[in-house]
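As provided, structure_38.csv (CSV, C-alpha atoms) reads as follows.
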```
chain,number,residue,atom,x,y,z
A,1,MET,CA,-3.0,8.8,22.4
A,2,ILE,CA,0.7,9.1,23.3
A,3,ALA,CA,-0.2,11.0,26.5
A,4,ARG,CA,-2.8,8.4,27.5
A,5,TYR,CA,-0.3,5.6,26.8
A,6,TYR,CA,2.3,7.4,28.9
A,7,ILE,CA,-0.1,7.7,31.8
A,8,ASP,CA,-1.3,4.1,31.6
A,9,ARG,CA,2.0,2.2,30.8
A,10,VAL,CA,5.0,4.4,31.4
A,11,MET,CA,4.5,6.8,34.3
A,12,GLN,CA,5.9,5.5,37.5
A,13,ASP,CA,5.1,8.3,40.0
A,14,ARG,CA,2.4,10.8,39.3
A,15,ASP,CA,4.1,13.6,37.4
A,16,VAL,CA,1.0,14.7,35.5
A,17,ALA,CA,-1.6,16.9,37.2
A,18,GLN,CA,-4.2,16.8,34.4
A,19,LEU,CA,-4.5,16.0,30.7
A,20,ILE,CA,-5.8,18.7,28.3
A,21,MET,CA,-6.5,17.7,24.7
A,22,LEU,CA,-7.7,19.7,21.7
A,23,GLY,CA,-9.7,17.8,19.1
A,24,SER,CA,-8.1,14.5,20.0
A,25,PRO,CA,-10.1,11.6,18.4
A,26,MET,CA,-10.8,9.3,21.3
A,27,GLY,CA,-13.0,7.3,18.9
A,28,GLY,CA,-10.9,7.7,15.8
A,29,SER,CA,-11.6,9.4,12.5
A,30,ASP,CA,-12.8,7.9,9.3
A,31,CYS,CA,-10.9,10.6,7.4
A,32,ALA,CA,-7.7,8.7,8.1
A,33,VAL,CA,-8.5,6.2,5.4
A,34,LEU,CA,-7.5,8.7,2.7
A,35,PRO,CA,-3.8,9.2,3.4
A,36,ALA,CA,-3.5,5.5,4.5
A,37,ALA,CA,-4.8,4.4,1.0
A,38,LEU,CA,-1.7,6.1,-0.5
A,39,GLY,CA,0.7,4.9,2.1
A,40,PHE,CA,1.1,8.2,4.0
A,41,TYR,CA,1.4,8.6,7.8
A,42,LEU,CA,1.7,4.9,8.4
A,43,PRO,CA,1.2,3.5,10.9
A,44,ALA,CA,-0.4,6.6,12.5
A,45,SER,CA,-3.2,6.8,9.9
A,46,ILE,CA,-4.1,3.2,10.7
A,47,GLU,CA,-4.0,3.7,14.4
A,48,ILE,CA,-6.6,6.5,14.3
A,49,ARG,CA,-9.2,4.4,12.5
A,50,GLN,CA,-12.4,4.1,14.5
A,51,SER,CA,-12.1,0.3,14.7
A,52,TYR,CA,-8.6,0.5,16.2
A,53,MET,CA,-9.4,3.3,18.7
A,54,THR,CA,-12.6,1.8,20.0
A,55,GLY,CA,-11.9,-1.9,19.5
A,56,VAL,CA,-8.2,-2.1,20.5
A,57,PHE,CA,-6.7,1.0,22.1
A,58,ASN,CA,-9.6,2.0,24.3
A,59,GLN,CA,-10.0,-1.6,25.5
A,60,GLN,CA,-6.4,-1.7,26.8
A,61,ILE,CA,-5.3,1.8,27.7
A,62,THR,CA,-7.7,2.5,30.6
A,63,HIS,CA,-5.6,3.4,33.7
A,64,ARG,CA,-5.6,7.1,34.6
A,65,ASN,CA,-3.9,7.0,38.0
A,66,GLY,CA,-6.4,9.6,39.2
A,67,ILE,CA,-5.7,12.1,36.4
A,68,GLU,CA,-8.6,14.1,35.1
A,69,PHE,CA,-9.0,14.2,31.2
A,70,TYR,CA,-10.3,17.2,29.3
A,71,ASP,CA,-10.9,17.4,25.5
A,72,LEU,CA,-12.3,20.3,23.4
A,73,GLY,CA,-14.2,19.5,20.2
A,74,GLY,CA,-14.5,21.8,17.3
A,75,THR,CA,-18.1,22.0,16.0
A,76,ALA,CA,-17.7,24.2,12.9
A,77,ILE,CA,-19.6,21.8,10.7
A,78,LEU,CA,-23.2,21.0,11.6
A,79,GLU,CA,-24.7,19.8,8.4
A,80,ALA,CA,-24.0,16.3,7.0
A,81,PHE,CA,-23.5,17.4,3.3
A,82,LYS,CA,-20.9,19.9,4.4
A,83,SER,CA,-18.9,17.2,6.3
A,84,PRO,CA,-16.3,15.6,4.0
A,85,CYS,CA,-15.5,12.4,5.9
A,86,THR,CA,-16.9,12.1,9.4
A,87,ASP,CA,-20.1,12.4,11.4
A,88,ILE,CA,-21.6,15.7,12.6
A,89,PRO,CA,-21.0,17.9,14.5
A,90,ASN,CA,-17.3,18.0,13.8
A,91,ASP,CA,-14.2,20.2,13.2
A,92,THR,CA,-13.8,18.9,9.6
A,93,VAL,CA,-12.0,15.6,10.6
A,94,VAL,CA,-12.9,14.7,14.2
A,95,SER,CA,-16.5,14.4,15.3
A,96,PHE,CA,-17.8,15.6,18.7
A,97,ASP,CA,-18.9,12.0,19.3
A,98,SER,CA,-15.3,10.8,18.8
A,99,ILE,CA,-14.1,13.4,21.4
A,100,ASN,CA,-16.5,11.8,23.9
A,101,ALA,CA,-15.8,8.1,23.0
A,102,ILE,CA,-14.3,7.7,26.5
A,103,PRO,CA,-15.5,9.3,29.8
A,104,LEU,CA,-13.9,12.8,30.1
A,105,ARG,CA,-14.8,16.4,30.6
A,106,SER,CA,-15.5,17.9,27.2
A,107,ASP,CA,-16.7,21.2,25.7
A,108,LYS,CA,-17.2,22.5,22.2
A,109,PHE,CA,-16.1,25.5,20.2
A,110,ASP,CA,-17.0,26.8,16.7
A,111,VAL,CA,-13.6,26.2,15.1
A,112,ILE,CA,-12.0,23.9,12.5
A,113,HIS,CA,-9.4,21.2,13.6
A,114,SER,CA,-6.3,22.9,12.2
A,115,ASN,CA,-7.1,26.1,14.2
A,116,LEU,CA,-7.7,24.5,17.6
A,117,THR,CA,-4.1,24.9,18.7
A,118,LEU,CA,-3.8,28.4,17.2
A,119,SER,CA,-7.0,30.1,18.4
A,120,GLN,CA,-6.6,32.7,21.2
A,121,PRO,CA,-10.3,32.4,22.2
A,122,VAL,CA,-9.9,28.6,22.5
A,123,PHE,CA,-6.9,29.2,24.9
A,124,ASP,CA,-8.7,31.9,26.9
A,125,SER,CA,-12.0,30.1,27.3
A,126,PHE,CA,-11.0,26.4,27.6
A,127,VAL,CA,-7.2,25.9,28.2
A,128,LYS,CA,-6.3,28.8,30.6
A,129,PRO,CA,-9.0,28.1,33.2
A,130,ILE,CA,-7.8,24.5,33.5
A,131,LEU,CA,-4.2,25.5,33.7
A,132,THR,CA,-4.8,28.1,36.4
A,133,LYS,CA,-6.6,25.7,38.8
A,134,SER,CA,-5.0,25.6,42.2
A,135,VAL,CA,-3.2,22.4,43.1
A,136,ASN,CA,-5.6,21.5,45.9
A,137,THR,CA,-8.6,21.5,43.5
A,138,PHE,CA,-7.4,18.5,41.4
A,139,VAL,CA,-9.8,15.6,41.6
A,140,ASP,CA,-8.9,11.9,41.5
A,141,SER,CA,-10.5,10.5,38.3
A,142,GLU,CA,-11.5,6.8,38.3
A,143,ASP,CA,-10.5,4.4,35.6
A,144,PRO,CA,-13.4,3.9,33.2
A,145,THR,CA,-14.8,0.5,32.3
A,146,PRO,CA,-14.0,-0.4,28.7
A,147,THR,CA,-17.2,-0.5,26.5
A,148,PRO,CA,-17.5,-2.3,23.2
A,149,GLY,CA,-16.8,-0.1,20.2
A,150,SER,CA,-19.8,1.1,18.3
A,151,GLU,CA,-20.0,0.9,14.5
A,152,SER,CA,-19.6,4.0,12.5
A,153,PRO,CA,-22.9,5.6,11.5
A,154,LEU,CA,-21.5,6.5,8.1
A,155,GLN,CA,-21.6,4.2,5.1
A,156,PHE,CA,-18.7,4.6,2.7
A,157,THR,CA,-18.1,3.4,-0.8
A,158,ARG,CA,-14.6,2.2,-1.8
A,159,THR,CA,-11.6,4.5,-1.4
A,160,TYR,CA,-10.7,5.4,-5.0
A,161,THR,CA,-7.0,6.0,-5.8
A,162,GLY,CA,-5.4,7.2,-8.9
A,163,HIS,CA,-2.7,9.3,-10.6
A,164,VAL,CA,-2.9,12.6,-12.5
A,165,ASP,CA,-0.1,13.5,-14.9
A,166,ARG,CA,1.2,17.0,-15.3
A,167,ASN,CA,-1.5,18.8,-17.5
A,168,GLY,CA,-3.6,15.6,-17.4
A,169,SER,CA,-6.8,14.4,-15.8
A,170,THR,CA,-8.4,11.2,-14.5
A,171,GLU,CA,-12.1,10.4,-14.5
A,172,LEU,CA,-13.9,8.2,-11.9
A,173,THR,CA,-17.4,6.9,-11.9
A,174,ILE,CA,-19.1,6.7,-8.6
A,175,ASN,CA,-22.6,5.2,-8.3
A,176,ILE,CA,-25.1,6.7,-5.9
A,177,ASP,CA,-28.0,4.3,-5.2
A,178,PRO,CA,-31.6,5.3,-4.4
A,179,ASP,CA,-32.7,6.4,-0.9
A,180,VAL,CA,-29.4,8.1,-0.3
A,181,SER,CA,-30.1,11.5,1.3
A,182,VAL,CA,-26.5,12.7,1.5
A,183,ALA,CA,-23.4,12.0,-0.5
A,184,SER,CA,-20.2,13.6,0.8
A,185,PHE,CA,-16.9,13.6,-1.0
A,186,ALA,CA,-13.3,14.0,0.4
A,187,LEU,CA,-10.1,14.1,-1.7
A,188,TYR,CA,-6.6,13.7,-0.5
A,189,ASP,CA,-3.6,14.9,-2.6
A,190,ASN,CA,-0.3,15.1,-0.9
A,191,SER,CA,0.9,17.8,-3.3
A,192,ARG,CA,-2.3,19.8,-2.8
A,193,SER,CA,-2.3,20.8,-6.4
A,194,VAL,CA,-5.2,19.1,-8.2
A,195,THR,CA,-8.8,20.2,-8.7
A,196,THR,CA,-12.1,18.4,-9.5
A,197,VAL,CA,-15.0,18.7,-11.9
A,198,VAL,CA,-18.2,17.0,-10.8
A,199,ARG,CA,-20.9,15.8,-13.2
A,200,GLY,CA,-24.1,14.6,-11.5
A,201,ALA,CA,-26.2,11.6,-12.7
A,202,SER,CA,-27.9,14.1,-15.1
A,203,GLY,CA,-24.6,14.6,-16.9
A,204,LYS,CA,-24.5,18.3,-16.0
A,205,VAL,CA,-21.4,19.9,-14.4
A,206,ILE,CA,-22.1,21.1,-10.8
A,207,GLU,CA,-20.5,24.3,-9.7
A,208,LEU,CA,-19.2,23.7,-6.2
A,209,SER,CA,-19.7,26.4,-3.5
A,210,PRO,CA,-19.3,26.6,0.3
A,211,GLU,CA,-22.9,27.5,0.8
A,212,LYS,CA,-24.6,24.8,-1.4
A,213,ASN,CA,-22.0,22.1,-1.1
A,214,GLY,CA,-19.9,22.9,1.9
A,215,PHE,CA,-16.9,23.2,-0.5
A,216,ILE,CA,-13.7,23.4,1.6
A,217,LYS,CA,-10.0,23.4,0.7
A,218,LEU,CA,-7.4,22.7,3.4
A,219,GLU,CA,-3.8,23.8,2.6
A,220,ASP,CA,-2.4,22.4,5.8
A,221,PRO,CA,0.0,19.6,4.6
A,222,SER,CA,-0.7,17.5,7.7
A,223,SER,CA,-4.5,17.5,7.2
A,224,LEU,CA,-6.2,14.2,6.5
A,225,PHE,CA,-7.9,15.6,3.3
A,226,TYR,CA,-7.4,18.4,0.8
A,227,LEU,CA,-10.8,19.1,-0.8
A,228,GLY,CA,-14.3,18.4,0.5
A,229,TYR,CA,-17.8,18.9,-0.7
A,230,GLY,CA,-21.2,17.2,-0.5
A,231,PHE,CA,-24.7,17.0,-1.9
A,232,GLN,CA,-28.2,16.9,-0.2
A,233,ASP,CA,-30.6,14.5,-1.9
A,234,PRO,CA,-28.3,13.6,-4.8
A,235,LYS,CA,-29.9,12.2,-7.9
A,236,PRO,CA,-29.3,8.4,-8.1
A,237,GLY,CA,-27.1,7.0,-10.8
A,238,PRO,CA,-23.5,7.2,-12.0
A,239,TRP,CA,-21.6,10.4,-11.1
A,240,LYS,CA,-18.5,11.4,-12.9
A,241,ILE,CA,-15.6,12.9,-11.0
A,242,SER,CA,-12.8,14.3,-13.1
A,243,VAL,CA,-9.5,14.9,-11.1
A,244,GLN,CA,-7.5,17.5,-13.0
A,245,ALA,CA,-3.9,18.8,-12.8
A,246,THR,CA,-3.3,22.5,-12.3
A,247,ASP,CA,-0.3,24.8,-12.9
A,248,ALA,CA,0.9,23.9,-9.4
A,249,THR,CA,0.9,20.1,-10.1
A,250,PRO,CA,4.5,18.7,-9.9
A,251,SER,CA,6.3,17.6,-13.1
A,252,ASN,CA,5.9,13.9,-12.1
A,253,GLY,CA,2.1,14.4,-11.5
A,254,ALA,CA,0.2,13.7,-8.3
A,255,ASP,CA,-1.4,10.7,-6.6
A,256,PHE,CA,-4.8,11.1,-5.1
A,257,ALA,CA,-7.4,9.2,-3.0
A,258,ILE,CA,-11.2,9.9,-2.9
A,259,SER,CA,-13.7,8.7,-0.3
A,260,VAL,CA,-17.5,9.1,-0.4
A,261,TYR,CA,-19.9,8.4,2.4
A,262,PHE,CA,-23.7,8.1,2.2
A,263,VAL,CA,-26.4,8.9,4.6
A,264,GLY,CA,-29.4,6.6,3.9
A,265,GLY,CA,-29.6,3.7,1.5
A,266,ALA,CA,-28.0,0.3,2.1
A,267,LYS,CA,-25.9,-0.5,5.2
A,268,LEU,CA,-22.9,-2.8,5.3
A,269,GLU,CA,-22.4,-4.8,8.5
A,270,THR,CA,-19.0,-6.5,8.9
A,271,ARG,CA,-17.6,-9.1,11.4
A,272,SER,CA,-14.1,-10.1,12.5
A,273,SER,CA,-13.5,-13.2,14.7
A,274,THR,CA,-10.8,-11.1,16.5
A,275,LEU,CA,-9.1,-7.7,16.2
A,276,ILE,CA,-6.0,-8.9,18.1
A,277,PRO,CA,-4.9,-12.2,16.6
A,278,LYS,CA,-1.5,-13.8,17.1
A,279,VAL,CA,0.9,-14.6,14.3
A,280,GLY,CA,-0.4,-17.7,12.6
A,281,GLN,CA,-3.9,-17.4,14.0
A,282,GLN,CA,-6.7,-17.5,11.4
A,283,VAL,CA,-9.0,-14.4,11.3
A,284,ASP,CA,-12.5,-15.0,9.9
A,285,LEU,CA,-14.1,-12.0,8.2
A,286,GLY,CA,-17.7,-11.7,7.3
A,287,ALA,CA,-20.0,-9.1,5.6
A,288,SER,CA,-23.8,-8.6,5.2
A,289,LEU,CA,-25.5,-5.9,3.1
A,290,ILE,CA,-28.8,-4.6,4.5
A,291,LEU,CA,-31.5,-2.5,2.8
A,292,ASP,CA,-34.8,-1.7,4.5
A,293,GLY,CA,-34.3,-4.6,7.0
A,294,GLU,CA,-33.7,-7.2,4.3
A,295,GLN,CA,-30.3,-8.8,3.4
A,296,LEU,CA,-29.2,-8.3,-0.2
A,297,GLU,CA,-27.2,-10.8,-2.2
A,298,ILE,CA,-23.5,-9.9,-2.3
A,299,SER,CA,-22.3,-10.6,-5.8
A,300,ALA,CA,-18.6,-9.7,-5.1
A,301,GLY,CA,-16.5,-8.8,-2.2
A,302,GLN,CA,-12.9,-8.2,-1.3
A,303,ALA,CA,-10.8,-7.7,1.8
A,304,VAL,CA,-7.9,-5.3,1.0
A,305,ILE,CA,-5.2,-5.7,3.7
A,306,ARG,CA,-2.5,-3.1,4.0
A,307,GLY,CA,0.4,-3.5,6.4
A,308,GLN,CA,2.2,-0.7,8.2
A,309,ASP,CA,5.0,-1.2,5.7
A,310,GLY,CA,2.6,-0.3,2.9
A,311,LYS,CA,2.4,-3.8,1.4
A,312,VAL,CA,-1.1,-4.8,0.1
A,313,GLU,CA,-2.8,-8.1,0.0
A,314,THR,CA,-6.3,-8.7,-1.5
A,315,LEU,CA,-8.6,-11.6,-0.6
A,316,GLU,CA,-11.8,-12.5,-2.4
A,317,PHE,CA,-15.0,-13.1,-0.5
A,318,GLN,CA,-17.3,-16.1,-1.1
A,319,PRO,CA,-20.5,-14.4,-2.4
A,320,GLY,CA,-23.9,-14.8,-0.8
A,321,ARG,CA,-26.1,-13.1,1.8
A,322,ASN,CA,-23.4,-13.7,4.4
A,323,ALA,CA,-20.2,-13.3,2.4
A,324,SER,CA,-17.0,-14.5,4.1
A,325,THR,CA,-13.3,-15.1,3.8
A,326,SER,CA,-10.3,-15.7,6.1
A,327,TRP,CA,-6.8,-14.5,6.6
A,328,THR,CA,-3.7,-15.5,8.5
A,329,SER,CA,-0.8,-13.2,9.2
A,330,SER,CA,2.8,-14.4,8.9
A,331,SER,CA,4.2,-11.4,10.8
A,332,ALA,CA,3.3,-9.2,13.8
A,333,GLY,CA,2.2,-5.6,13.3
A,334,LEU,CA,-0.7,-3.3,12.5
A,335,TYR,CA,-2.9,-4.0,9.5
A,336,ALA,CA,-5.7,-1.9,7.8
A,337,VAL,CA,-8.5,-4.1,6.5
A,338,ASP,CA,-10.9,-2.5,4.0
A,339,ILE,CA,-13.9,-4.8,3.4
A,340,ILE,CA,-15.5,-3.9,0.1
A,341,VAL,CA,-18.7,-5.5,-1.2
A,342,THR,CA,-21.0,-5.0,-4.2
A,343,GLY,CA,-24.6,-6.0,-4.4
A,344,LEU,CA,-27.8,-5.2,-6.4
A,345,ALA,CA,-30.8,-3.4,-5.0
A,346,PRO,CA,-34.3,-4.8,-5.8
A,347,ASP,CA,-34.6,-2.2,-8.7
A,348,GLY,CA,-31.4,-3.5,-10.2
A,349,SER,CA,-29.2,-0.6,-9.2
A,350,LEU,CA,-25.6,-1.2,-8.2
A,351,ILE,CA,-24.7,-0.8,-4.5
A,352,GLU,CA,-21.2,-0.6,-3.2
A,353,ARG,CA,-20.1,-0.2,0.4
A,354,THR,CA,-16.9,-0.4,2.4
A,355,ASN,CA,-16.1,-0.8,6.1
A,356,PHE,CA,-12.7,0.0,7.5
A,357,LEU,CA,-11.3,-2.4,10.2
A,358,THR,CA,-7.9,-2.6,11.9
A,359,LEU,CA,-6.1,-5.7,13.1
A,360,GLN,CA,-3.2,-5.7,15.7
A,361,VAL,CA,-1.3,-8.9,15.1
A,362,GLN,CA,0.6,-10.0,18.2
A,363,PRO,CA,3.9,-11.9,18.1
A,364,GLU,CA,3.8,-15.6,19.0
A,365,ILE,CA,6.6,-17.5,20.8
A,366,SER,CA,7.6,-20.3,18.4
A,367,SER,CA,7.8,-24.0,19.5
A,368,GLN,CA,11.5,-23.8,18.8
A,369,ARG,CA,12.0,-21.0,21.2
A,370,ILE,CA,9.9,-22.8,23.8
A,371,THR,CA,12.0,-25.9,23.3
A,372,ILE,CA,15.2,-23.9,23.7
A,373,ASN,CA,13.9,-22.1,26.8
A,374,LEU,CA,12.9,-25.5,28.4
A,375,ALA,CA,16.3,-26.9,27.6
A,376,ALA,CA,18.0,-23.9,29.2
A,377,ILE,CA,15.8,-24.2,32.3
A,378,LEU,CA,16.5,-28.0,32.6
A,379,ALA,CA,20.3,-27.3,32.2
A,380,ALA,CA,20.2,-24.7,34.9
A,381,VAL,CA,18.3,-27.0,37.2
A,382,LEU,CA,20.8,-29.9,36.6
A,383,ILE,CA,23.8,-27.5,37.2
A,384,LEU,CA,22.1,-26.3,40.5
A,385,LEU,CA,21.5,-29.9,41.6
A,386,LEU,CA,25.1,-30.8,40.8
A,387,LEU,CA,26.4,-27.9,42.9
A,388,VAL,CA,24.1,-28.8,45.8
A,389,PHE,CA,25.3,-32.5,45.7
A,390,SER,CA,28.9,-31.4,45.4
A,391,MET,CA,28.5,-29.1,48.4
A,392,ILE,CA,26.8,-32.0,50.4
A,393,PHE,CA,29.6,-34.4,49.4
A,394,TRP,CA,32.3,-31.9,50.4
A,395,ILE,CA,30.7,-31.3,53.8
A,396,PHE,CA,30.3,-35.0,54.4
A,397,ARG,CA,34.0,-35.7,53.6
A,398,ARG,CA,35.1,-32.9,55.9
A,399,MET,CA,33.0,-34.3,58.7
A,400,VAL,CA,34.5,-37.8,58.2
A,401,ARG,CA,38.1,-36.4,58.3
A,402,GLN,CA,37.3,-34.5,61.5
A,403,ARG,CA,36.1,-37.7,63.2
A,404,LYS,CA,39.2,-39.6,62.1
A,405,SER,CA,41.5,-36.9,63.4
A,406,SER,CA,39.7,-36.8,66.7
```

Mind turning this structure into structure tokens?
Amino acid sequence: MIARYYIDRVMQDRDVAQLIMLGSPMGGSDCAVLPAALGFYLPASIEIRQSYMTGVFNQQITHRNGIEFYDLGGTAILEAFKSPCTDIPNDTVVSFDSINAIPLRSDKFDVIHSNLTLSQPVFDSFVKPILTKSVNTFVDSEDPTPTPGSESPLQFTRTYTGHVDRNGSTELTINIDPDVSVASFALYDNSRSVTTVVRGASGKVIELSPEKNGFIKLEDPSSLFYLGYGFQDPKPGPWKISVQATDATPSNGADFAISVYFVGGAKLETRSSTLIPKVGQQVDLGASLILDGEQLEISAGQAVIRGQDGKVETLEFQPGRNASTSWTSSSAGLYAVDIIVTGLAPDGSLIERTNFLTLQVQPEISSQRITINLAAILAAVLILLLLVFSMIFWIFRRMVRQRKSS
């Protein structure tokens, strides 16, 4: 993103031959909601949300100045229940679709995200051939036409957050509604020291494994999640997730965040009157919950708004088939907006869905500044006119004196 911004907005003369990227999320990554929920990596974890990348960044950063773009996508994960927080195929946190969210030359490689910049085969097969191109073979790439951002194919429940004391545990209840074919879990823990015990809707503990559940643990401290696992055709009903401390948990405990996405079941559709409002401009937010082509009644809904400074504001939705609320920002900056709704399926089961938006609030020139600027301009004009008339008067007097002397 920084390289693209430099090429579009900063570069004066062409000092870049080509742009080579490894796993860069041109369409964002839903995994970013986990650290953002705990206030980590702000504002970067808000900037790589899908809604920001496709709805804001890609709409504005489009100039390439003839530079060809390349991006390699890792495709280590091919099955949805083994993917913790993004669509397949992916490298654990960035999907191949995200790699190709803008026109570029892409390729794929069977590797996870954290190994893309460490893999010798990746360098030999993808990076080195591009680096060794002769200078007269560079092509002039055209600027792409911005396209509207597409909605994420994944449907998330709320992002659950909590705290585990040293030698303690915290239990969460997550409802899985009927017709869900995949439920995939991702946990973020900055200390990377907790573990989880999962009880399905039957009440039995499920032993997690890489083969059956795609269980994965990432020790990389910069990763967007720590533990990931999923379930194919999960039994509907309440699932119990117990987050437990281990011997490695710090003495002050550990904060955690959990996200769960579903394939199948109900779908949340959200609306925002704008993604780039000005300070003081009202933003109208709306939500609809769809199941089998029919709108469900939304019994409760919230818009949780988190600023890049970590401050959180919660707005309540007016319930109904088309739930709505509005928000007005008092300061410029980047804001994460989690729209969370709860509804009931025809069989009475509870349905909860969340969509993750991003708003880039622009500063607005106040009327006072406009008045001051106008006053300054008028004063400058008056001074200029005074100088002009003074010069004319001085020239006129000089001409009169010359006539008298002659």

With the cut-off set at 10 Å and counting only C-alpha atoms, tabulate each residue of region 18-135 of chain A with an atom at most that distance from an atom of region 216-238 of chain A, showing the nearest atom pair and its distance in Å to one decimal, ordered by chain and increasing number, as JSON lines.
```
{"residue": "A:Ser29", "atom": "CA", "partner": "A:Leu224", "partner_atom": "CA", "distance": 9.4}
{"residue": "A:Asp30", "atom": "CA", "partner": "A:Leu224", "partner_atom": "CA", "distance": 9.5}
{"residue": "A:Cys31", "atom": "CA", "partner": "A:Leu224", "partner_atom": "CA", "distance": 6.0}
{"residue": "A:Ala32", "atom": "CA", "partner": "A:Leu224", "partner_atom": "CA", "distance": 5.9}
{"residue": "A:Val33", "atom": "CA", "partner": "A:Leu224", "partner_atom": "CA", "distance": 8.4}
{"residue": "A:Leu34", "atom": "CA", "partner": "A:Leu224", "partner_atom": "CA", "distance": 6.8}
{"residue": "A:Pro35", "atom": "CA", "partner": "A:Leu224", "partner_atom": "CA", "distance": 6.4}
{"residue": "A:Ala36", "atom": "CA", "partner": "A:Leu224", "partner_atom": "CA", "distance": 9.3}
{"residue": "A:Phe40", "atom": "CA", "partner": "A:Leu224", "partner_atom": "CA", "distance": 9.8}
{"residue": "A:Tyr41", "atom": "CA", "partner": "A:Ser222", "partner_atom": "CA", "distance": 9.1}
{"residue": "A:Ser45", "atom": "CA", "partner": "A:Leu224", "partner_atom": "CA", "distance": 8.7}
{"residue": "A:Glu79", "atom": "CA", "partner": "A:Gln232", "partner_atom": "CA", "distance": 9.7}
{"residue": "A:Ala80", "atom": "CA", "partner": "A:Gly230", "partner_atom": "CA", "distance": 8.1}
{"residue": "A:Phe81", "atom": "CA", "partner": "A:Gly230", "partner_atom": "CA", "distance": 4.4}
{"residue": "A:Lys82", "atom": "CA", "partner": "A:Gly230", "partner_atom": "CA", "distance": 5.6}
{"residue": "A:Ser83", "atom": "CA", "partner": "A:Gly230", "partner_atom": "CA", "distance": 7.2}
{"residue": "A:Pro84", "atom": "CA", "partner": "A:Gly228", "partner_atom": "CA", "distance": 4.9}
{"residue": "A:Cys85", "atom": "CA", "partner": "A:Gly228", "partner_atom": "CA", "distance": 8.2}
{"residue": "A:Thr92", "atom": "CA", "partner": "A:Gly228", "partner_atom": "CA", "distance": 9.1}
{"residue": "A:Val93", "atom": "CA", "partner": "A:Leu224", "partner_atom": "CA", "distance": 7.2}
{"residue": "A:His113", "atom": "CA", "partner": "A:Ser223", "partner_atom": "CA", "distance": 8.9}
{"residue": "A:Ser114", "atom": "CA", "partner": "A:Asp220", "partner_atom": "CA", "distance": 7.5}
```

**Request:** Would you please work out which residue, of A:Ser299, A:Glu313, A:Gln281, A:Ala3, is nearest to Ser329 (chain A) when using only C-alpha atoms?
**Result:**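 Ranking A:Ser299, A:Glu313, A:Gln281, A:Ala3 by distance to Ser329 (chain A), first place goes to A:Gln281.
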
**Request:** Could you please determine the separation between CA of Val135 (chain A) and CA of Phe96 (chain A) in Å, to one decimal place?
**Result:**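 These atoms are spaced 29.2 Å apart.
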
**Asked** Leaving out Arg4 (chain A) and any residue of its chain fewer than 2 positions from it, which residues lie within 9 Å of it when counting only C-alpha atoms, given as a count of residues only?
**Response** 11

Kindly assemble as a tab-separated table a list of the region 44-95 of chain A residues that lie within 12 Å of region 350-364 of chain A, each paired with its nearest atom pair and their distance in Å to one decimal, using all atoms listed in the file, sorted first by chain and then by ascending residue number.
```
residue	atom	partner	partner_atom	distance
A:Ala44	CA	A:Thr358	CA	11.9
A:Ser45	CA	A:Thr358	CA	10.7
A:Ile46	CA	A:Thr358	CA	7.0
A:Glu47	CA	A:Thr358	CA	7.8
A:Ile48	CA	A:Thr358	CA	9.5
A:Arg49	CA	A:Thr358	CA	7.1
A:Gln50	CA	A:Leu357	CA	7.9
A:Ser51	CA	A:Leu357	CA	5.3
A:Tyr52	CA	A:Thr358	CA	5.3
A:Met53	CA	A:Thr358	CA	9.1
A:Thr54	CA	A:Thr358	CA	10.3
A:Gly55	CA	A:Thr358	CA	8.6
A:Val56	CA	A:Gln360	CA	7.8
A:Phe57	CA	A:Gln360	CA	9.9
```

**Message:** Around (-10.8, 4.2, 36.2), as given in the file, which residues come within 9 Å? Count all atoms listed in the file and list them as a PyMOL selection string.
**Reply:** chain A and resi 62-66+141-145

**One-decimal distance in Å that lies between CA of Gly343 (chain A) and CA of Gln295 (chain A)** = 10.1 Å

**Asked** Just how far from CA of Pro153 (chain A) is CA of Trp239 (chain A), in Å to one decimal?
**Response**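 Separation between CA of Trp239 (chain A) and CA of Pro153 (chain A): 23.1 Å.
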
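Shortest separation to Leu118 (chain A) among A:Ala303, A:Leu22, A:Ala76, A:Met11 occurs at residue A:Leu22, atoms counted being only C-alpha atoms.
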
**Item:** Distance criterion (only C-alpha atoms): nearest to Gly310 (chain A) out of A:Ser24, A:Ile377, A:Ala336, A:Glu269
**Value:**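 Among A:Ser24, A:Ile377, A:Ala336, A:Glu269, it is A:Ala336 that comes nearest to Gly310 (chain A).
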
**Shell around Ile77 (chain A) at 6 Å using only C-alpha atoms, local window under 2 positions removed, as a ChimeraX atom specification** = /A:75,79,89-90

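Residues with any atom within 12 Å of the point (4.8, 26.7, -9.7), counting only C-alpha atoms, are A:Arg166, A:Ser191, A:Ser193, A:Thr246, A:Asp247, A:Ala248, A:Thr249, A:Pro250, A:Ser251.
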
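Residues within 7 Å of Gln155 (chain A), counting all atoms listed in the file and excluding same-chain residues fewer than 4 positions away, are Tyr261, Phe262, Val263, Lys267 and Arg353 of chain A.
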
**Prompt:** Between A:Gln402, A:Ser242, A:Ser209, A:Ser106, which one has atoms that come closest to Thr170 (chain A), using all atoms listed in the file?
**Reply:** A:Ser242
